[in-house]
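**Q** Encoded as C-alpha coordinates, here's the structure I'll be asking about.
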Amino acid sequence: MANLFLKQAKQYAATRPAYPPELFDFIASKTARHDLAWDVGTGSGQAIPPLAKLYRDVVGTDTSAQQLSYAPRLPNVRYVHTPPDLPLDGIHAAVAPPGSVDLVTVAQAFHWLDLPRFYAQVRSVLRAPPLQQAAGVLAAWCYTEPCVDAAVDDAFWRLYNGSQPYWAPNRRLVDDRYSGVDFPFDPVDGEAHTGPFEFSTERRMDLDGYLAYITSWSAYQTAKEKGVELLDEATVRGFADAWGGDRAEVKTVRYPIFLRIGKVRPEK
(Lines give C-alpha, C1' and ligand atoms only; values in the text may rest on other atoms or scores of the structure.)
Protein backbone atom coordinates (compact mmCIF):
# COMPACT_ATOMS: atom_id res chain seq x y z
CA MET A 1 0.00 0.00 0.00
CA ALA A 2 2.75 2.47 0.93
CA ASN A 3 4.31 2.26 -2.54
CA LEU A 4 1.01 3.24 -4.20
CA PHE A 5 1.04 6.61 -2.45
CA LEU A 6 4.79 7.20 -2.25
CA LYS A 7 5.12 9.60 -5.18
CA GLN A 8 2.09 11.73 -4.42
CA ALA A 9 2.28 12.08 -0.64
CA LYS A 10 2.35 15.89 -0.90
CA GLN A 11 -0.72 15.96 -3.19
CA TYR A 12 -2.51 13.55 -0.87
CA ALA A 13 -1.92 15.78 2.15
CA ALA A 14 -2.92 18.93 0.28
CA THR A 15 -6.03 17.75 -1.58
CA ARG A 16 -7.79 15.04 0.42
CA PRO A 17 -10.92 16.10 2.30
CA ALA A 18 -11.14 16.57 6.04
CA TYR A 19 -13.75 14.59 7.95
CA PRO A 20 -16.79 16.22 9.58
CA PRO A 21 -17.06 16.73 13.36
CA GLU A 22 -20.34 14.78 13.32
CA LEU A 23 -18.46 11.64 12.33
CA PHE A 24 -16.05 11.84 15.25
CA ASP A 25 -18.74 12.88 17.73
CA PHE A 26 -20.76 9.81 16.76
CA ILE A 27 -17.76 7.50 17.08
CA ALA A 28 -16.61 9.00 20.40
CA SER A 29 -20.12 8.66 21.82
CA LYS A 30 -19.78 4.89 21.39
CA THR A 31 -16.62 4.45 23.48
CA ALA A 32 -17.07 4.39 27.24
CA ARG A 33 -13.54 5.68 27.83
CA HIS A 34 -11.49 8.24 25.95
CA ASP A 35 -7.95 7.45 27.03
CA LEU A 36 -6.26 6.00 23.95
CA ALA A 37 -7.08 5.86 20.23
CA TRP A 38 -5.02 4.15 17.51
CA ASP A 39 -5.39 5.46 13.95
CA VAL A 40 -4.26 2.77 11.51
CA GLY A 41 -3.02 3.75 8.04
CA THR A 42 -3.00 7.34 9.22
CA GLY A 43 -1.23 8.59 6.08
CA SER A 44 -0.83 12.35 6.34
CA GLY A 45 -3.08 12.44 9.38
CA GLN A 46 -6.48 13.64 8.14
CA ALA A 47 -8.21 11.95 11.10
CA ILE A 48 -5.66 12.92 13.74
CA PRO A 49 -6.68 16.46 14.87
CA PRO A 50 -10.32 15.53 15.64
CA LEU A 51 -9.22 12.39 17.47
CA ALA A 52 -6.68 14.37 19.47
CA LYS A 53 -9.48 16.64 20.72
CA LEU A 54 -11.59 13.71 21.90
CA TYR A 55 -9.01 11.24 23.27
CA ARG A 56 -6.30 11.83 25.85
CA ASP A 57 -3.64 10.11 23.73
CA VAL A 58 -3.54 9.13 20.05
CA VAL A 59 -1.15 6.90 18.13
CA GLY A 60 -1.01 7.15 14.34
CA THR A 61 0.69 4.40 12.36
CA ASP A 62 1.49 4.00 8.67
CA THR A 63 3.74 1.92 6.45
CA SER A 64 4.82 5.08 4.56
CA ALA A 65 7.37 7.29 6.31
CA GLN A 66 6.89 9.91 3.60
CA GLN A 67 3.16 10.15 4.28
CA LEU A 68 3.82 10.45 8.02
CA SER A 69 6.18 13.38 7.39
CA TYR A 70 3.13 15.46 6.37
CA ALA A 71 1.01 14.52 9.41
CA PRO A 72 0.23 17.25 11.97
CA ARG A 73 2.36 17.37 15.11
CA LEU A 74 0.24 17.67 18.26
CA PRO A 75 1.25 17.32 21.92
CA ASN A 76 -0.87 14.25 22.67
CA VAL A 77 -0.13 12.44 19.39
CA ARG A 78 2.76 10.19 18.48
CA TYR A 79 3.46 8.58 15.11
CA VAL A 80 4.99 5.18 14.46
CA HIS A 81 6.32 3.99 11.11
CA THR A 82 5.27 0.34 11.04
CA PRO A 83 6.43 -2.26 8.49
CA PRO A 84 3.53 -4.20 6.94
CA ASP A 85 4.74 -7.47 8.43
CA LEU A 86 5.09 -6.20 12.02
CA PRO A 87 4.22 -9.15 14.31
CA LEU A 88 1.74 -8.90 17.15
CA ASP A 89 4.41 -8.50 19.82
CA GLY A 90 5.79 -5.63 17.75
CA ILE A 91 2.35 -4.00 17.78
CA HIS A 92 2.28 -4.34 21.57
CA ALA A 93 5.74 -2.81 21.89
CA ALA A 94 5.42 0.03 19.36
CA VAL A 95 1.73 0.92 19.48
CA ALA A 96 -0.09 -0.22 22.63
CA PRO A 97 -0.08 -3.03 25.20
CA PRO A 98 -2.81 -5.67 25.10
CA GLY A 99 -6.26 -4.55 26.25
CA SER A 100 -5.33 -0.86 26.54
CA VAL A 101 -6.99 0.83 23.53
CA ASP A 102 -10.45 2.40 23.61
CA LEU A 103 -10.78 3.04 19.88
CA VAL A 104 -9.14 1.84 16.68
CA THR A 105 -9.86 3.93 13.59
CA VAL A 106 -9.11 3.33 9.92
CA ALA A 107 -9.83 6.28 7.62
CA GLN A 108 -9.80 5.49 3.89
CA ALA A 109 -7.27 2.66 4.40
CA PHE A 110 -9.38 -0.30 5.55
CA HIS A 111 -9.51 -1.79 2.05
CA TRP A 112 -5.69 -2.03 1.93
CA LEU A 113 -5.39 -4.18 5.05
CA ASP A 114 -4.96 -7.93 5.46
CA LEU A 115 -8.23 -8.10 7.36
CA PRO A 116 -7.91 -11.43 9.24
CA ARG A 117 -4.45 -10.40 10.48
CA PHE A 118 -5.63 -6.89 11.26
CA TYR A 119 -8.67 -8.13 13.18
CA ALA A 120 -6.41 -10.27 15.36
CA GLN A 121 -4.32 -7.18 16.15
CA VAL A 122 -7.43 -5.13 16.92
CA ARG A 123 -8.90 -7.75 19.24
CA SER A 124 -5.55 -7.96 21.02
CA VAL A 125 -5.17 -4.25 21.80
CA LEU A 126 -8.81 -3.21 22.38
CA ARG A 127 -10.28 -3.25 25.85
CA ALA A 128 -12.50 -6.31 26.14
CA PRO A 129 -14.96 -7.69 28.67
CA PRO A 130 -15.20 -9.59 30.95
CA LEU A 131 -11.78 -8.50 32.23
CA GLN A 132 -12.69 -4.87 31.53
CA GLN A 133 -16.18 -3.44 31.79
CA ALA A 134 -15.92 -1.23 28.71
CA ALA A 135 -15.57 -2.85 25.29
CA GLY A 136 -13.23 -1.18 22.83
CA VAL A 137 -14.51 -0.05 19.43
CA LEU A 138 -13.30 -0.40 15.83
CA ALA A 139 -14.42 2.32 13.39
CA ALA A 140 -13.49 2.11 9.70
CA TRP A 141 -14.75 4.49 7.04
CA CYS A 142 -14.25 5.48 3.43
CA TYR A 143 -15.39 8.30 1.23
CA THR A 144 -16.57 7.58 -2.28
CA GLU A 145 -16.59 9.57 -5.49
CA PRO A 146 -16.91 13.36 -5.18
CA CYS A 147 -20.08 15.18 -6.20
CA VAL A 148 -20.05 18.71 -7.64
CA ASP A 149 -22.86 19.21 -10.16
CA ALA A 150 -24.32 17.33 -13.11
CA ALA A 151 -21.79 18.53 -15.69
CA VAL A 152 -18.66 18.03 -13.57
CA ASP A 153 -19.90 14.70 -12.22
CA ASP A 154 -20.52 13.47 -15.78
CA ALA A 155 -16.93 14.33 -16.73
CA PHE A 156 -15.70 12.69 -13.54
CA TRP A 157 -17.51 9.42 -14.18
CA ARG A 158 -16.14 9.21 -17.72
CA LEU A 159 -12.64 9.49 -16.26
CA TYR A 160 -13.31 7.19 -13.31
CA ASN A 161 -14.82 4.45 -15.45
CA GLY A 162 -11.89 4.69 -17.85
CA SER A 163 -9.42 4.45 -14.97
CA GLN A 164 -10.66 1.07 -13.72
CA PRO A 165 -7.74 -0.99 -15.14
CA TYR A 166 -5.35 1.00 -12.94
CA TRP A 167 -7.08 0.55 -9.58
CA ALA A 168 -6.03 -2.24 -7.25
CA PRO A 169 -8.76 -4.89 -6.76
CA ASN A 170 -9.14 -3.72 -3.14
CA ARG A 171 -10.77 -0.53 -4.42
CA ARG A 172 -13.98 -2.47 -5.05
CA LEU A 173 -14.57 -2.49 -1.29
CA VAL A 174 -14.79 1.31 -1.43
CA ASP A 175 -17.13 1.23 -4.42
CA ASP A 176 -19.27 -1.14 -2.31
CA ARG A 177 -19.19 1.37 0.61
CA TYR A 178 -17.67 -1.37 2.81
CA SER A 179 -21.15 -2.90 2.97
CA GLY A 180 -20.11 -6.41 1.97
CA VAL A 181 -16.87 -6.69 3.93
CA ASP A 182 -16.60 -9.26 6.73
CA PHE A 183 -16.81 -7.27 9.98
CA PRO A 184 -16.75 -9.63 12.99
CA PHE A 185 -17.71 -7.14 15.69
CA ASP A 186 -20.92 -6.50 17.62
CA PRO A 187 -23.10 -3.41 17.12
CA VAL A 188 -22.12 -0.54 19.39
CA ASP A 189 -24.50 0.56 22.12
CA GLY A 190 -27.67 2.12 20.77
CA GLU A 191 -27.33 0.66 17.28
CA ALA A 192 -28.89 -2.44 15.73
CA HIS A 193 -26.16 -3.10 13.15
CA THR A 194 -22.55 -2.25 12.32
CA GLY A 195 -23.32 -0.07 9.29
CA PRO A 196 -22.49 1.37 6.94
CA PHE A 197 -23.67 4.62 8.50
CA GLU A 198 -23.62 7.56 6.09
CA PHE A 199 -22.05 10.97 6.66
CA SER A 200 -20.62 13.53 4.25
CA THR A 201 -17.90 16.14 4.06
CA GLU A 202 -17.34 19.11 1.79
CA ARG A 203 -14.35 20.94 0.42
CA ARG A 204 -14.20 24.16 -1.57
CA MET A 205 -12.03 23.80 -4.69
CA ASP A 206 -11.18 25.53 -7.91
CA LEU A 207 -10.59 23.38 -10.97
CA ASP A 208 -6.85 23.07 -10.41
CA GLY A 209 -7.44 21.86 -6.85
CA TYR A 210 -10.02 19.36 -8.07
CA LEU A 211 -7.60 18.00 -10.69
CA ALA A 212 -4.83 17.87 -8.08
CA TYR A 213 -7.12 15.63 -6.01
CA ILE A 214 -7.30 13.25 -8.99
CA THR A 215 -3.49 13.18 -9.23
CA SER A 216 -3.45 11.91 -5.61
CA TRP A 217 -5.23 8.70 -6.67
CA SER A 218 -3.20 5.50 -6.48
CA ALA A 219 -4.68 4.70 -9.92
CA TYR A 220 -3.24 7.92 -11.33
CA GLN A 221 0.25 6.90 -10.24
CA THR A 222 -0.20 3.35 -11.57
CA ALA A 223 -1.39 4.64 -14.95
CA LYS A 224 1.52 7.09 -15.08
CA GLU A 225 3.99 4.27 -14.48
CA LYS A 226 2.42 2.42 -17.41
CA GLY A 227 2.83 5.42 -19.68
CA VAL A 228 -0.81 6.53 -19.51
CA GLU A 229 -1.79 10.10 -18.62
CA LEU A 230 -5.32 9.98 -17.22
CA LEU A 231 -5.52 13.77 -17.25
CA ASP A 232 -4.56 14.21 -20.88
CA GLU A 233 -5.27 17.43 -22.75
CA ALA A 234 -8.70 16.36 -23.98
CA THR A 235 -9.80 15.19 -20.52
CA VAL A 236 -8.65 18.41 -18.85
CA ARG A 237 -10.41 20.43 -21.53
CA GLY A 238 -13.60 18.44 -20.86
CA PHE A 239 -13.35 19.22 -17.15
CA ALA A 240 -12.74 22.92 -17.89
CA ASP A 241 -15.85 23.07 -20.06
CA ALA A 242 -17.88 21.27 -17.39
CA TRP A 243 -16.53 23.65 -14.73
CA GLY A 244 -18.01 26.54 -16.70
CA GLY A 245 -14.91 27.91 -18.40
CA ASP A 246 -13.45 29.72 -15.39
CA ARG A 247 -10.81 27.48 -13.80
CA ALA A 248 -10.54 29.86 -10.83
CA GLU A 249 -14.20 29.52 -9.91
CA VAL A 250 -14.49 27.84 -6.52
CA LYS A 251 -17.11 25.12 -6.22
CA THR A 252 -18.31 22.96 -3.33
CA VAL A 253 -17.16 19.36 -3.67
CA ARG A 254 -19.10 16.87 -1.53
CA TYR A 255 -17.73 13.46 -0.53
CA PRO A 256 -20.15 10.83 0.84
CA ILE A 257 -18.65 8.95 3.80
CA PHE A 258 -19.58 5.41 4.86
CA LEU A 259 -18.73 4.08 8.33
CA ARG A 260 -18.56 0.56 9.73
CA ILE A 261 -18.37 0.53 13.52
CA GLY A 262 -18.51 -2.24 16.11
CA LYS A 263 -17.34 -3.21 19.56
CA VAL A 264 -15.09 -6.13 20.40
CA ARG A 265 -16.97 -9.32 21.25
CA PRO A 266 -16.64 -10.81 24.74
CA GLU A 267 -14.50 -13.91 24.88
CA LYS A 268 -16.50 -17.06 25.52
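Chain labels follow the order of the C-alpha coordinates: the first chain is A, the next B, and so on; residue numbering restarts at 1 in every chain, and ligands are counted from 1 in their shown order.
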Taking 4 positions as the minimum chain separation for residues in the same chain, which residues sit within 12 Å of A:Ile91 when counting only C-alpha atoms? Answer as a list in words.

**A** Trp38, Val40, Val59, Thr61, Val80, His81, Thr82, Pro83, Pro84, Asp85, Leu86, Pro87, Val95, Ala96, Pro97, Pro98, Val101, Arg117, Phe118, Ala120, Gln121, Val122, Arg123, Ser124 and Val125 of chain A

**Q** Selected residues, N, CA, C and O atoms, written as an mmCIF file, in the first residue's frame, please.

**A**
data_model
loop_
_atom_site.group_PDB
_atom_site.id
_atom_site.type_symbol
_atom_site.label_atom_id
_atom_site.label_comp_id
_atom_site.auth_asym_id
_atom_site.auth_seq_id
_atom_site.Cartn_x
_atom_site.Cartn_y
_atom_site.Cartn_z
ATOM 1 N N TRP A 38 -6.053 4.547 18.483
ATOM 2 C CA TRP A 38 -5.020 4.145 17.514
ATOM 3 C C TRP A 38 -5.599 4.337 16.122
ATOM 4 O O TRP A 38 -6.587 3.705 15.761
ATOM 5 N N VAL A 40 -5.030 3.688 12.360
ATOM 6 C CA VAL A 40 -4.258 2.769 11.512
ATOM 7 C C VAL A 40 -4.268 3.281 10.066
ATOM 8 O O VAL A 40 -5.298 3.719 9.557
ATOM 9 N N VAL A 59 -2.283 7.448 18.870
ATOM 10 C CA VAL A 59 -1.148 6.898 18.129
ATOM 11 C C VAL A 59 -1.560 6.767 16.672
ATOM 12 O O VAL A 59 -2.612 6.187 16.371
ATOM 13 N N THR A 61 -0.303 5.270 12.977
ATOM 14 C CA THR A 61 0.695 4.395 12.358
ATOM 15 C C THR A 61 0.477 4.330 10.854
ATOM 16 O O THR A 61 -0.647 4.433 10.365
ATOM 17 N N VAL A 80 4.103 6.335 14.534
ATOM 18 C CA VAL A 80 4.988 5.178 14.463
ATOM 19 C C VAL A 80 4.995 4.668 13.028
ATOM 20 O O VAL A 80 3.924 4.387 12.459
ATOM 21 N N HIS A 81 6.173 4.578 12.444
ATOM 22 C CA HIS A 81 6.321 3.990 11.107
ATOM 23 C C HIS A 81 6.400 2.477 11.273
ATOM 24 O O HIS A 81 7.347 1.952 11.856
ATOM 25 N N THR A 82 5.376 1.774 10.807
ATOM 26 C CA THR A 82 5.271 0.342 11.035
ATOM 27 C C THR A 82 5.448 -0.433 9.731
ATOM 28 O O THR A 82 4.757 -0.147 8.747
ATOM 29 N N PRO A 83 6.344 -1.410 9.678
ATOM 30 C CA PRO A 83 6.427 -2.263 8.489
ATOM 31 C C PRO A 83 5.165 -3.096 8.349
ATOM 32 O O PRO A 83 4.507 -3.413 9.348
ATOM 33 N N PRO A 84 4.785 -3.460 7.121
ATOM 34 C CA PRO A 84 3.529 -4.198 6.935
ATOM 35 C C PRO A 84 3.511 -5.568 7.582
ATOM 36 O O PRO A 84 2.442 -6.105 7.844
ATOM 37 N N ASP A 85 4.685 -6.134 7.846
ATOM 38 C CA ASP A 85 4.741 -7.471 8.434
ATOM 39 C C ASP A 85 5.064 -7.442 9.927
ATOM 40 O O ASP A 85 5.532 -8.430 10.491
ATOM 41 N N LEU A 86 4.792 -6.304 10.586
ATOM 42 C CA LEU A 86 5.088 -6.200 12.015
ATOM 43 C C LEU A 86 4.286 -7.244 12.799
ATOM 44 O O LEU A 86 3.056 -7.281 12.716
ATOM 45 N N PRO A 87 4.952 -8.107 13.568
ATOM 46 C CA PRO A 87 4.224 -9.147 14.311
ATOM 47 C C PRO A 87 3.453 -8.549 15.482
ATOM 48 O O PRO A 87 3.633 -7.385 15.854
ATOM 49 N N VAL A 95 2.997 0.196 19.548
ATOM 50 C CA VAL A 95 1.727 0.918 19.478
ATOM 51 C C VAL A 95 1.042 0.971 20.840
ATOM 52 O O VAL A 95 0.844 2.044 21.414
ATOM 53 N N ALA A 96 0.651 -0.195 21.359
ATOM 54 C CA ALA A 96 -0.092 -0.217 22.626
ATOM 55 C C ALA A 96 -0.063 -1.612 23.220
ATOM 56 O O ALA A 96 -0.108 -2.608 22.484
ATOM 57 N N PRO A 97 -0.023 -1.728 24.548
ATOM 58 C CA PRO A 97 -0.081 -3.034 25.196
ATOM 59 C C PRO A 97 -1.440 -3.694 24.989
ATOM 60 O O PRO A 97 -2.426 -3.026 24.637
ATOM 61 N N PRO A 98 -1.523 -4.984 25.239
ATOM 62 C CA PRO A 98 -2.811 -5.671 25.103
ATOM 63 C C PRO A 98 -3.890 -5.068 26.004
ATOM 64 O O PRO A 98 -3.622 -4.675 27.140
ATOM 65 N N VAL A 101 -6.507 -0.150 24.511
ATOM 66 C CA VAL A 101 -6.985 0.826 23.526
ATOM 67 C C VAL A 101 -8.510 0.934 23.596
ATOM 68 O O VAL A 101 -9.215 -0.067 23.636
ATOM 69 N N ARG A 117 -5.607 -10.752 9.645
ATOM 70 C CA ARG A 117 -4.455 -10.401 10.476
ATOM 71 C C ARG A 117 -4.723 -9.122 11.269
ATOM 72 O O ARG A 117 -4.401 -9.021 12.454
ATOM 73 N N PHE A 118 -5.313 -8.153 10.602
ATOM 74 C CA PHE A 118 -5.625 -6.887 11.259
ATOM 75 C C PHE A 118 -6.636 -7.088 12.389
ATOM 76 O O PHE A 118 -6.484 -6.526 13.478
ATOM 77 N N ALA A 120 -7.090 -9.661 14.215
ATOM 78 C CA ALA A 120 -6.411 -10.273 15.362
ATOM 79 C C ALA A 120 -5.651 -9.215 16.163
ATOM 80 O O ALA A 120 -5.639 -9.235 17.400
ATOM 81 N N GLN A 121 -5.025 -8.263 15.466
ATOM 82 C CA GLN A 121 -4.322 -7.176 16.145
ATOM 83 C C GLN A 121 -5.302 -6.297 16.919
ATOM 84 O O GLN A 121 -5.043 -5.909 18.064
ATOM 85 N N VAL A 122 -6.424 -5.985 16.281
ATOM 86 C CA VAL A 122 -7.428 -5.132 16.917
ATOM 87 C C VAL A 122 -7.974 -5.787 18.183
ATOM 88 O O VAL A 122 -8.069 -5.147 19.237
ATOM 89 N N ARG A 123 -8.349 -7.063 18.070
ATOM 90 C CA ARG A 123 -8.897 -7.753 19.242
ATOM 91 C C ARG A 123 -7.868 -7.829 20.369
ATOM 92 O O ARG A 123 -8.236 -7.839 21.547
ATOM 93 N N SER A 124 -6.590 -7.866 20.004
ATOM 94 C CA SER A 124 -5.555 -7.960 21.020
ATOM 95 C C SER A 124 -5.381 -6.651 21.795
ATOM 96 O O SER A 124 -5.184 -6.668 23.015
ATOM 97 N N VAL A 125 -5.471 -5.516 21.125
ATOM 98 C CA VAL A 125 -5.173 -4.247 21.805
ATOM 99 C C VAL A 125 -6.413 -3.572 22.384
ATOM 100 O O VAL A 125 -6.301 -2.756 23.302
#

**Q** Running DSSP on the backbone, which parts of stretch 67-230 of chain A land in strand (DSSP E), as a count of residues only?

**A** 26

**Q** Find, counting only C-alpha atoms, the residue in A:Ile48, A:Ala134, A:Asn170, A:Tyr70 that gets nearest to A:Arg33.

**A**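 The closest residue to A:Arg33 is A:Ala134.
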
**Q** Nearest to A:Arg237 among A:Val174, A:Asp208, A:Glu225, A:Cys147, with distances taken over only C-alpha atoms: which residue is it?

**A**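 Using only C-alpha atoms, A:Arg237 sits closest to A:Asp208.
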
**Q** Which neighbours of A:Asn161 fall inside 12 Å, counting only C-alpha atoms, when residues of the same chain fewer than 5 positions from it are skipped, and could you give them as a list in words?

**A**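 Surrounding residues, per the criterion: Glu145, Asp153, Asp154, Ala155, Phe156, Tyr166, Trp167, Asp175, Ala219 and Leu230 of chain A.
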
**Q** Residues of the last selection are to be written out with N, CA, C and O atoms, as a PDB file, in the first residue's frame.

**A**
ATOM      1  N   GLU A 145     -16.885   8.615  -4.444  1.00  0.00           N
ATOM      2  CA  GLU A 145     -16.593   9.568  -5.493  1.00  0.00           C
ATOM      3  C   GLU A 145     -17.191  10.938  -5.187  1.00  0.00           C
ATOM      4  O   GLU A 145     -18.319  11.042  -4.704  1.00  0.00           O
ATOM      5  N   ASP A 153     -19.789  16.108 -12.594  1.00  0.00           N
ATOM      6  CA  ASP A 153     -19.897  14.703 -12.218  1.00  0.00           C
ATOM      7  C   ASP A 153     -19.906  13.803 -13.444  1.00  0.00           C
ATOM      8  O   ASP A 153     -19.331  12.702 -13.420  1.00  0.00           O
ATOM      9  N   ASP A 154     -20.523  14.254 -14.540  1.00  0.00           N
ATOM     10  CA  ASP A 154     -20.521  13.467 -15.777  1.00  0.00           C
ATOM     11  C   ASP A 154     -19.108  13.319 -16.309  1.00  0.00           C
ATOM     12  O   ASP A 154     -18.697  12.226 -16.709  1.00  0.00           O
ATOM     13  N   ALA A 155     -18.327  14.407 -16.292  1.00  0.00           N
ATOM     14  CA  ALA A 155     -16.931  14.334 -16.732  1.00  0.00           C
ATOM     15  C   ALA A 155     -16.120  13.425 -15.806  1.00  0.00           C
ATOM     16  O   ALA A 155     -15.257  12.653 -16.255  1.00  0.00           O
ATOM     17  N   PHE A 156     -16.410  13.529 -14.505  1.00  0.00           N
ATOM     18  CA  PHE A 156     -15.699  12.689 -13.543  1.00  0.00           C
ATOM     19  C   PHE A 156     -15.943  11.208 -13.817  1.00  0.00           C
ATOM     20  O   PHE A 156     -15.002  10.405 -13.836  1.00  0.00           O
ATOM     21  N   TYR A 166      -6.516   0.561 -13.705  1.00  0.00           N
ATOM     22  CA  TYR A 166      -5.350   0.996 -12.936  1.00  0.00           C
ATOM     23  C   TYR A 166      -5.592   1.005 -11.429  1.00  0.00           C
ATOM     24  O   TYR A 166      -4.688   1.325 -10.660  1.00  0.00           O
ATOM     25  N   TRP A 167      -6.799   0.659 -11.008  1.00  0.00           N
ATOM     26  CA  TRP A 167      -7.082   0.547  -9.579  1.00  0.00           C
ATOM     27  C   TRP A 167      -6.731  -0.847  -9.086  1.00  0.00           C
ATOM     28  O   TRP A 167      -6.933  -1.833  -9.795  1.00  0.00           O
ATOM     29  N   ASP A 175     -15.975   1.068  -3.538  1.00  0.00           N
ATOM     30  CA  ASP A 175     -17.132   1.228  -4.421  1.00  0.00           C
ATOM     31  C   ASP A 175     -18.383   0.598  -3.805  1.00  0.00           C
ATOM     32  O   ASP A 175     -19.504   1.058  -4.043  1.00  0.00           O
ATOM     33  N   ALA A 219      -4.505   5.083  -8.514  1.00  0.00           N
ATOM     34  CA  ALA A 219      -4.682   4.697  -9.918  1.00  0.00           C
ATOM     35  C   ALA A 219      -3.981   5.660 -10.855  1.00  0.00           C
ATOM     36  O   ALA A 219      -3.492   5.262 -11.924  1.00  0.00           O
ATOM     37  N   LEU A 230      -3.865   9.938 -17.365  1.00  0.00           N
ATOM     38  CA  LEU A 230      -5.321   9.983 -17.222  1.00  0.00           C
ATOM     39  C   LEU A 230      -5.868  11.388 -17.462  1.00  0.00           C
ATOM     40  O   LEU A 230      -6.957  11.558 -17.998  1.00  0.00           O
TER      41      LEU A 230
END

**Q** When you draw a straight line from atom CA of A:Val106 to atom CA of A:Thr42, how long is it in Å?

**A**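 It comes out at 7.3 Å.
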
**Q** Between atom CA of A:Gly43 and atom CA of A:Ser163, what is the distance, to one decimal in Å?

**A** 23.0 Å

**Q** Could you tell me, as a ChimeraX atom specification, which residues of stretch 24-161 of chain A DSSP assigns to helix (DSSP H, G or I) when given the backbone?

**A** /A:24-28,48-54,65-68,88-94,110-112,115-125,150-161

**Q** What does the distance between atom CA of A:Asp232 and atom CA of A:Leu211 come to in Å, to one decimal place?

**A**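 Going from atom CA of A:Asp232 over to atom CA of A:Leu211, I get 11.3 Å.
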
**Q** Do you know which residues are at most 10 Å from A:Ser100 counting only C-alpha atoms, after dropping those on the same chain fewer than 3 positions away, and could you put them as an mmCIF file with N, CA, C and O atoms, in the first residue's frame?

**A**
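Result saved to around.cif:
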data_model
loop_
_atom_site.group_PDB
_atom_site.id
_atom_site.type_symbol
_atom_site.label_atom_id
_atom_site.label_comp_id
_atom_site.auth_asym_id
_atom_site.auth_seq_id
_atom_site.Cartn_x
_atom_site.Cartn_y
_atom_site.Cartn_z
ATOM 1 N N ASP A 35 -9.345 7.360 26.620
ATOM 2 C CA ASP A 35 -7.947 7.452 27.032
ATOM 3 C C ASP A 35 -6.982 7.290 25.855
ATOM 4 O O ASP A 35 -6.028 8.060 25.725
ATOM 5 N N LEU A 36 -7.227 6.289 25.007
ATOM 6 C CA LEU A 36 -6.256 5.995 23.952
ATOM 7 C C LEU A 36 -6.952 5.570 22.667
ATOM 8 O O LEU A 36 -7.812 4.682 22.670
ATOM 9 N N ALA A 37 -6.590 6.224 21.557
ATOM 10 C CA ALA A 37 -7.076 5.863 20.226
ATOM 11 C C ALA A 37 -5.889 5.552 19.335
ATOM 12 O O ALA A 37 -4.845 6.212 19.409
ATOM 13 N N HIS A 92 2.365 -4.601 20.135
ATOM 14 C CA HIS A 92 2.275 -4.340 21.570
ATOM 15 C C HIS A 92 3.413 -3.441 22.042
ATOM 16 O O HIS A 92 3.209 -2.580 22.917
ATOM 17 N N ALA A 96 0.651 -0.195 21.359
ATOM 18 C CA ALA A 96 -0.092 -0.217 22.626
ATOM 19 C C ALA A 96 -0.063 -1.612 23.220
ATOM 20 O O ALA A 96 -0.108 -2.608 22.484
ATOM 21 N N PRO A 97 -0.023 -1.728 24.548
ATOM 22 C CA PRO A 97 -0.081 -3.034 25.196
ATOM 23 C C PRO A 97 -1.440 -3.694 24.989
ATOM 24 O O PRO A 97 -2.426 -3.026 24.637
ATOM 25 N N LEU A 103 -10.274 2.881 21.244
ATOM 26 C CA LEU A 103 -10.784 3.044 19.884
ATOM 27 C C LEU A 103 -9.688 2.792 18.877
ATOM 28 O O LEU A 103 -8.573 3.317 19.018
ATOM 29 N N SER A 124 -6.590 -7.866 20.004
ATOM 30 C CA SER A 124 -5.555 -7.960 21.020
ATOM 31 C C SER A 124 -5.381 -6.651 21.795
ATOM 32 O O SER A 124 -5.184 -6.668 23.015
ATOM 33 N N VAL A 125 -5.471 -5.516 21.125
ATOM 34 C CA VAL A 125 -5.173 -4.247 21.805
ATOM 35 C C VAL A 125 -6.413 -3.572 22.384
ATOM 36 O O VAL A 125 -6.301 -2.756 23.302
ATOM 37 N N LEU A 126 -7.605 -3.859 21.858
ATOM 38 C CA LEU A 126 -8.807 -3.205 22.383
ATOM 39 C C LEU A 126 -9.165 -3.717 23.775
ATOM 40 O O LEU A 126 -8.947 -4.891 24.096
ATOM 41 N N ARG A 127 -9.724 -2.820 24.561
ATOM 42 C CA ARG A 127 -10.281 -3.246 25.848
ATOM 43 C C ARG A 127 -11.413 -4.233 25.583
ATOM 44 O O ARG A 127 -12.208 -4.039 24.664
ATOM 45 N N ALA A 128 -11.484 -5.279 26.394
ATOM 46 C CA ALA A 128 -12.502 -6.305 26.138
ATOM 47 C C ALA A 128 -13.052 -6.866 27.438
ATOM 48 O O ALA A 128 -12.282 -7.165 28.357
ATOM 49 N N GLN A 132 -12.466 -6.305 31.429
ATOM 50 C CA GLN A 132 -12.691 -4.874 31.531
ATOM 51 C C GLN A 132 -14.153 -4.595 31.198
ATOM 52 O O GLN A 132 -14.714 -5.182 30.269
ATOM 53 N N GLY A 136 -13.816 -2.064 23.805
ATOM 54 C CA GLY A 136 -13.226 -1.176 22.828
ATOM 55 C C GLY A 136 -13.961 -1.250 21.498
ATOM 56 O O GLY A 136 -14.679 -2.209 21.207
#

**Q** So, counting only C-alpha atoms, which residue among A:Lys30, A:Arg260, A:Arg265, A:Arg56 is closest to A:Thr194?

**A** A:Arg260
